[in-house]
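What follows is the content of input-v2.txt (compact mmCIF, N, CA and C atoms).
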# COMPACT_ATOMS: atom_id res chain seq x y z
N MET A 1 -181.48 54.80 132.95
CA MET A 1 -182.24 53.55 132.97
C MET A 1 -182.89 53.33 131.61
N PRO A 2 -182.58 52.24 130.94
CA PRO A 2 -183.16 52.00 129.62
C PRO A 2 -184.57 51.41 129.69
N TYR A 3 -185.20 51.33 128.54
CA TYR A 3 -186.52 50.73 128.41
C TYR A 3 -186.49 49.27 128.83
N THR A 4 -187.51 48.85 129.55
CA THR A 4 -187.77 47.44 129.84
C THR A 4 -189.21 47.17 129.45
N GLU A 5 -189.50 45.92 129.09
CA GLU A 5 -190.83 45.56 128.58
C GLU A 5 -191.93 46.02 129.54
N GLY A 6 -192.89 46.75 129.01
CA GLY A 6 -193.99 47.26 129.81
C GLY A 6 -195.27 46.50 129.55
N ASN A 7 -196.34 46.98 130.15
CA ASN A 7 -197.67 46.39 130.02
C ASN A 7 -198.47 47.21 129.03
N ALA A 8 -198.72 46.64 127.85
CA ALA A 8 -199.41 47.38 126.77
C ALA A 8 -200.83 47.75 127.15
N LYS A 9 -201.49 46.93 127.94
CA LYS A 9 -202.87 47.23 128.36
C LYS A 9 -202.89 48.50 129.22
N ASN A 10 -201.96 48.59 130.15
CA ASN A 10 -201.86 49.82 130.97
C ASN A 10 -201.42 50.99 130.10
N GLY A 11 -200.53 50.73 129.15
CA GLY A 11 -200.08 51.77 128.24
C GLY A 11 -201.20 52.33 127.40
N ALA A 12 -202.14 51.47 126.99
CA ALA A 12 -203.30 51.92 126.21
C ALA A 12 -204.14 52.90 127.01
N LYS A 13 -204.32 52.61 128.28
CA LYS A 13 -205.10 53.51 129.15
C LYS A 13 -204.39 54.86 129.29
N LEU A 14 -203.08 54.81 129.50
CA LEU A 14 -202.31 56.06 129.63
C LEU A 14 -202.35 56.84 128.33
N PHE A 15 -202.18 56.15 127.20
CA PHE A 15 -202.21 56.83 125.91
C PHE A 15 -203.55 57.52 125.70
N LYS A 16 -204.62 56.83 125.99
CA LYS A 16 -205.96 57.40 125.76
C LYS A 16 -206.21 58.64 126.62
N THR A 17 -205.67 58.66 127.83
CA THR A 17 -205.92 59.80 128.71
C THR A 17 -204.89 60.91 128.57
N ARG A 18 -203.68 60.60 128.10
CA ARG A 18 -202.62 61.60 128.09
C ARG A 18 -202.07 61.95 126.71
N CYS A 19 -202.35 61.12 125.70
CA CYS A 19 -201.71 61.32 124.39
C CYS A 19 -202.69 61.42 123.22
N ALA A 20 -203.81 60.71 123.31
CA ALA A 20 -204.71 60.57 122.16
C ALA A 20 -205.36 61.88 121.73
N GLN A 21 -205.40 62.87 122.60
CA GLN A 21 -205.97 64.15 122.19
C GLN A 21 -205.09 64.84 121.14
N CYS A 22 -203.81 64.44 121.06
CA CYS A 22 -202.89 65.08 120.11
C CYS A 22 -202.31 64.13 119.08
N HIS A 23 -202.37 62.82 119.30
CA HIS A 23 -201.72 61.85 118.43
C HIS A 23 -202.65 60.70 118.07
N THR A 24 -202.45 60.12 116.87
CA THR A 24 -203.11 58.88 116.46
C THR A 24 -202.05 57.81 116.29
N VAL A 25 -202.50 56.53 116.35
CA VAL A 25 -201.55 55.42 116.21
C VAL A 25 -201.86 54.51 115.02
N ASP A 26 -203.06 54.57 114.48
CA ASP A 26 -203.42 53.64 113.41
C ASP A 26 -202.85 54.10 112.06
N ALA A 27 -202.70 53.14 111.17
CA ALA A 27 -202.08 53.41 109.87
C ALA A 27 -202.80 54.49 109.08
N ALA A 28 -204.12 54.54 109.21
CA ALA A 28 -204.91 55.54 108.48
C ALA A 28 -205.09 56.83 109.29
N GLY A 29 -204.47 56.89 110.45
CA GLY A 29 -204.63 58.05 111.33
C GLY A 29 -204.05 59.32 110.72
N ALA A 30 -204.64 60.42 111.13
CA ALA A 30 -204.22 61.72 110.63
C ALA A 30 -203.33 62.41 111.65
N ASN A 31 -202.58 63.39 111.17
CA ASN A 31 -201.88 64.28 112.08
C ASN A 31 -202.93 65.11 112.80
N LYS A 32 -202.69 65.38 114.07
CA LYS A 32 -203.58 66.24 114.85
C LYS A 32 -202.72 67.42 115.32
N VAL A 33 -202.84 67.79 116.58
CA VAL A 33 -201.95 68.81 117.14
C VAL A 33 -200.51 68.30 117.09
N GLY A 34 -200.36 66.99 117.27
CA GLY A 34 -199.07 66.32 117.14
C GLY A 34 -199.10 65.39 115.93
N PRO A 35 -197.94 64.89 115.53
CA PRO A 35 -197.90 64.00 114.36
C PRO A 35 -198.50 62.63 114.66
N LYS A 36 -198.96 61.96 113.60
CA LYS A 36 -199.41 60.58 113.77
C LYS A 36 -198.20 59.74 114.16
N LEU A 37 -198.42 58.73 114.97
CA LEU A 37 -197.32 57.95 115.50
C LEU A 37 -197.13 56.61 114.81
N HIS A 38 -198.04 56.24 113.92
CA HIS A 38 -197.89 54.97 113.22
C HIS A 38 -196.55 54.96 112.47
N GLY A 39 -195.78 53.89 112.66
CA GLY A 39 -194.48 53.80 112.02
C GLY A 39 -193.37 54.53 112.75
N ILE A 40 -193.59 54.90 114.00
CA ILE A 40 -192.60 55.71 114.72
C ILE A 40 -191.28 54.98 114.94
N PHE A 41 -191.32 53.67 115.17
CA PHE A 41 -190.08 52.96 115.48
C PHE A 41 -189.19 52.86 114.24
N GLY A 42 -187.98 53.39 114.39
CA GLY A 42 -187.03 53.43 113.28
C GLY A 42 -187.11 54.70 112.45
N ARG A 43 -188.07 55.56 112.76
CA ARG A 43 -188.21 56.82 112.01
C ARG A 43 -187.38 57.91 112.69
N GLN A 44 -186.87 58.83 111.90
CA GLN A 44 -186.12 59.96 112.43
C GLN A 44 -187.08 61.06 112.87
N SER A 45 -186.71 61.77 113.92
CA SER A 45 -187.54 62.86 114.42
C SER A 45 -187.76 63.92 113.35
N GLY A 46 -188.96 64.50 113.36
CA GLY A 46 -189.27 65.59 112.43
C GLY A 46 -189.54 65.15 111.01
N LYS A 47 -189.97 63.90 110.80
CA LYS A 47 -190.08 63.38 109.44
C LYS A 47 -191.47 62.87 109.03
N VAL A 48 -192.53 63.18 109.76
CA VAL A 48 -193.86 62.74 109.34
C VAL A 48 -194.38 63.69 108.27
N GLU A 49 -194.72 63.12 107.12
CA GLU A 49 -195.20 63.92 106.00
C GLU A 49 -196.48 64.66 106.39
N GLY A 50 -196.52 65.93 106.03
CA GLY A 50 -197.71 66.74 106.26
C GLY A 50 -197.80 67.38 107.63
N PHE A 51 -196.82 67.11 108.51
CA PHE A 51 -196.84 67.73 109.84
C PHE A 51 -195.77 68.81 109.89
N GLN A 52 -196.14 69.95 110.43
CA GLN A 52 -195.20 71.07 110.50
C GLN A 52 -194.48 71.05 111.85
N TYR A 53 -193.24 70.61 111.81
CA TYR A 53 -192.41 70.50 113.01
C TYR A 53 -191.67 71.79 113.29
N THR A 54 -191.23 71.93 114.53
CA THR A 54 -190.32 73.02 114.86
C THR A 54 -188.94 72.70 114.26
N GLU A 55 -188.14 73.70 114.11
CA GLU A 55 -186.77 73.51 113.62
C GLU A 55 -186.00 72.58 114.57
N ALA A 56 -186.29 72.70 115.87
CA ALA A 56 -185.60 71.85 116.86
C ALA A 56 -185.86 70.37 116.60
N ASN A 57 -187.11 70.02 116.31
CA ASN A 57 -187.44 68.62 116.03
C ASN A 57 -186.79 68.15 114.73
N GLN A 58 -186.79 68.99 113.74
CA GLN A 58 -186.21 68.62 112.45
C GLN A 58 -184.70 68.40 112.56
N LYS A 59 -184.05 69.20 113.37
CA LYS A 59 -182.59 69.14 113.46
C LYS A 59 -182.08 68.14 114.50
N LYS A 60 -182.94 67.68 115.40
CA LYS A 60 -182.50 66.76 116.46
C LYS A 60 -181.89 65.50 115.85
N GLY A 61 -182.52 64.95 114.84
CA GLY A 61 -181.96 63.80 114.14
C GLY A 61 -181.98 62.50 114.91
N VAL A 62 -182.77 62.42 115.96
CA VAL A 62 -182.86 61.18 116.73
C VAL A 62 -183.69 60.16 115.95
N VAL A 63 -183.29 58.91 116.00
CA VAL A 63 -184.08 57.82 115.44
C VAL A 63 -184.85 57.21 116.60
N TRP A 64 -186.16 57.09 116.43
CA TRP A 64 -187.01 56.63 117.53
C TRP A 64 -186.91 55.11 117.72
N THR A 65 -186.45 54.74 118.90
CA THR A 65 -186.36 53.35 119.35
C THR A 65 -187.02 53.30 120.72
N GLU A 66 -187.11 52.12 121.29
CA GLU A 66 -187.66 52.01 122.64
C GLU A 66 -186.86 52.89 123.61
N ASP A 67 -185.54 52.86 123.50
CA ASP A 67 -184.70 53.61 124.44
C ASP A 67 -184.78 55.11 124.23
N THR A 68 -184.79 55.57 122.97
CA THR A 68 -184.87 57.01 122.75
C THR A 68 -186.25 57.53 123.17
N LEU A 69 -187.30 56.77 122.90
CA LEU A 69 -188.64 57.19 123.35
C LEU A 69 -188.72 57.21 124.87
N PHE A 70 -188.09 56.23 125.52
CA PHE A 70 -188.08 56.18 126.99
C PHE A 70 -187.49 57.47 127.55
N ASP A 71 -186.37 57.90 126.98
CA ASP A 71 -185.72 59.14 127.45
C ASP A 71 -186.57 60.36 127.10
N TYR A 72 -187.07 60.41 125.88
CA TYR A 72 -187.87 61.55 125.41
C TYR A 72 -189.13 61.74 126.24
N LEU A 73 -189.84 60.65 126.50
CA LEU A 73 -191.14 60.76 127.18
C LEU A 73 -191.04 61.16 128.65
N GLU A 74 -189.84 61.12 129.20
CA GLU A 74 -189.67 61.60 130.58
C GLU A 74 -189.86 63.12 130.63
N ASN A 75 -189.31 63.82 129.65
CA ASN A 75 -189.38 65.28 129.63
C ASN A 75 -189.09 65.76 128.20
N PRO A 76 -190.12 65.80 127.34
CA PRO A 76 -189.90 66.15 125.94
C PRO A 76 -189.18 67.48 125.72
N LYS A 77 -189.51 68.48 126.50
CA LYS A 77 -188.90 69.81 126.31
C LYS A 77 -187.42 69.81 126.70
N LYS A 78 -187.02 68.96 127.60
CA LYS A 78 -185.60 68.85 127.96
C LYS A 78 -184.85 68.05 126.89
N TYR A 79 -185.49 67.00 126.36
CA TYR A 79 -184.85 66.14 125.37
C TYR A 79 -184.67 66.86 124.03
N ILE A 80 -185.70 67.63 123.64
CA ILE A 80 -185.61 68.43 122.41
C ILE A 80 -185.98 69.88 122.76
N PRO A 81 -185.00 70.67 123.25
CA PRO A 81 -185.29 72.06 123.56
C PRO A 81 -185.82 72.78 122.31
N GLY A 82 -186.93 73.48 122.47
CA GLY A 82 -187.53 74.18 121.35
C GLY A 82 -188.70 73.45 120.72
N THR A 83 -188.98 72.22 121.19
CA THR A 83 -190.14 71.50 120.67
C THR A 83 -191.42 72.22 121.07
N LYS A 84 -192.46 72.07 120.25
CA LYS A 84 -193.74 72.69 120.60
C LYS A 84 -194.64 71.71 121.36
N MET A 85 -194.15 70.51 121.62
CA MET A 85 -194.93 69.53 122.38
C MET A 85 -195.12 70.04 123.80
N ALA A 86 -196.38 70.24 124.18
CA ALA A 86 -196.69 70.85 125.47
C ALA A 86 -196.71 69.84 126.61
N PHE A 87 -196.70 68.56 126.30
CA PHE A 87 -196.79 67.51 127.32
C PHE A 87 -195.58 67.54 128.24
N ALA A 88 -195.83 67.51 129.56
CA ALA A 88 -194.75 67.61 130.54
C ALA A 88 -193.95 66.32 130.67
N GLY A 89 -194.52 65.20 130.29
CA GLY A 89 -193.80 63.93 130.34
C GLY A 89 -194.39 62.95 131.33
N PHE A 90 -193.93 61.71 131.22
CA PHE A 90 -194.26 60.65 132.17
C PHE A 90 -193.06 60.51 133.09
N LYS A 91 -193.20 60.91 134.33
CA LYS A 91 -192.07 60.88 135.25
C LYS A 91 -191.74 59.47 135.72
N LYS A 92 -192.76 58.59 135.83
CA LYS A 92 -192.53 57.24 136.31
C LYS A 92 -192.03 56.34 135.18
N PRO A 93 -190.89 55.67 135.40
CA PRO A 93 -190.38 54.77 134.37
C PRO A 93 -191.41 53.71 133.94
N LYS A 94 -192.19 53.19 134.88
CA LYS A 94 -193.21 52.19 134.55
C LYS A 94 -194.21 52.74 133.55
N ASP A 95 -194.64 53.98 133.73
CA ASP A 95 -195.59 54.58 132.79
C ASP A 95 -194.98 54.71 131.40
N ARG A 96 -193.72 55.11 131.32
CA ARG A 96 -193.06 55.22 130.02
C ARG A 96 -192.94 53.85 129.36
N ASN A 97 -192.53 52.85 130.13
CA ASN A 97 -192.43 51.50 129.59
C ASN A 97 -193.77 51.00 129.09
N ASP A 98 -194.84 51.27 129.84
CA ASP A 98 -196.18 50.82 129.44
C ASP A 98 -196.65 51.50 128.17
N VAL A 99 -196.44 52.80 128.05
CA VAL A 99 -196.86 53.52 126.84
C VAL A 99 -196.06 53.03 125.63
N ILE A 100 -194.79 52.81 125.81
CA ILE A 100 -193.96 52.31 124.70
C ILE A 100 -194.40 50.92 124.29
N ALA A 101 -194.74 50.06 125.26
CA ALA A 101 -195.25 48.73 124.93
C ALA A 101 -196.53 48.84 124.11
N TYR A 102 -197.40 49.76 124.48
CA TYR A 102 -198.63 49.99 123.70
C TYR A 102 -198.29 50.48 122.29
N LEU A 103 -197.37 51.41 122.18
CA LEU A 103 -196.98 51.91 120.86
C LEU A 103 -196.40 50.80 119.99
N LYS A 104 -195.61 49.91 120.60
CA LYS A 104 -195.03 48.80 119.84
C LYS A 104 -196.13 47.90 119.27
N GLU A 105 -197.19 47.70 120.02
CA GLU A 105 -198.31 46.87 119.54
C GLU A 105 -199.18 47.60 118.53
N SER A 106 -199.30 48.90 118.68
CA SER A 106 -200.29 49.68 117.90
C SER A 106 -199.71 50.39 116.68
N CYS A 107 -198.42 50.60 116.66
CA CYS A 107 -197.82 51.38 115.58
C CYS A 107 -197.04 50.50 114.64
Conversion result in structure tokens:
Amino acid sequence: MPYTEGNAKNGAKLFKTRCAQCHTVDAAGANKVGPKLHGIFGRQSGKVEGFQYTEANQKKGVVWTEDTLFDYLENPKKYIPGTKMAFAGFKKPKDRNDVIAYLKESC
């Protein structure tokens, strides 16, 4: 099932409770436990300057789009075996769509 337009307002709430402890979205944001997400769309995995990625993330070579993020956010460890991202994923497609809609507005 591919990405479909989500609700950015709901996505903001999900991001704040499930993602913001490890990631930032603003242009001046810093890397935290996870890389900053500003500019994620169209960027290749493992390419944020100043963030130390696992070899798995560097070698995956995925370009982040709505559809690749939709698949990744369901189960990051399954999508990129060897990633250090501890997040278990958003199992509900609606939640993934909403978070991606928020990222599209914020990044």
Skipping near chain neighbours, those fewer than 5 positions away, what residues fall within 6 Å of Val99 in chain A using all atoms listed in the file, listed as a ChimeraX atom specification?
/A:10-12,15,94,104
With a distance cut-off of 7 Å and only C-alpha atoms, select the neighbouring residues of Gly46 in chain A, excluding the residue or stretch itself and same-chain residues fewer than 4 positions from it, and output the selection as a VMD selection string.
chain A and resid 53 57 to 58
Can you list every residue in chain A that DSSP puts in alpha helix (DSSP H), as a ChimeraX atom specification?
/A:8-18,55-60,66-74,76-79,93-106
Which residue out of A:Glu49, A:Asp26, A:Asp95, A:Glu74 has the minimum interatomic distance to Cys107 in chain A when only N, CA and C atoms are used?
A:Asp26
Counting only C-alpha atoms, the option among A:Thr24, A:Ser106, A:Asn97, A:Thr17 closest to Glu66 in chain A
A:Asn97
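Note that atom C of Ala56 in chain A and atom C of Gly82 in chain A are 5.9 Å apart.
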Distance of CA of Gly42 in chain A from CA of Val25 in chain A, expressed in Å to one decimal place:
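For CA of Val25 in chain A relative to CA of Gly42 in chain A, the distance reads 14.9 Å.
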State, in Å with one decimal place, the distance from CA of Gln44 in chain A to CA of Trp64 in chain A.
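For CA of Gln44 in chain A relative to CA of Trp64 in chain A, the distance reads 6.2 Å.
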Quick one: of A:Arg18, A:Lys47, A:Lys36, A:Lys59, who's nearest to Phe87 in chain A, counting only N, CA and C atoms?
A:Arg18
Just want the 8 Å neighbourhood of Pro76 in chain A, counted on all atoms listed in the file, with same-chain residues fewer than 4 positions away dropped. Output as a list of chain:residue names.
A:Asp71, A:Tyr72, A:Ile80, A:Pro81, A:Gly82, A:Thr83, A:Lys84, A:Met85, A:Ala86, A:Phe87, A:Ala88, A:Gly89, A:Phe90
Find, counting only C-alpha atoms, the residue in A:Phe51, A:Leu14, A:Arg43, A:Phe70 that gets nearest to Asn31 in chain A.
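The answer is A:Phe51, which sits nearest to Asn31 in chain A.
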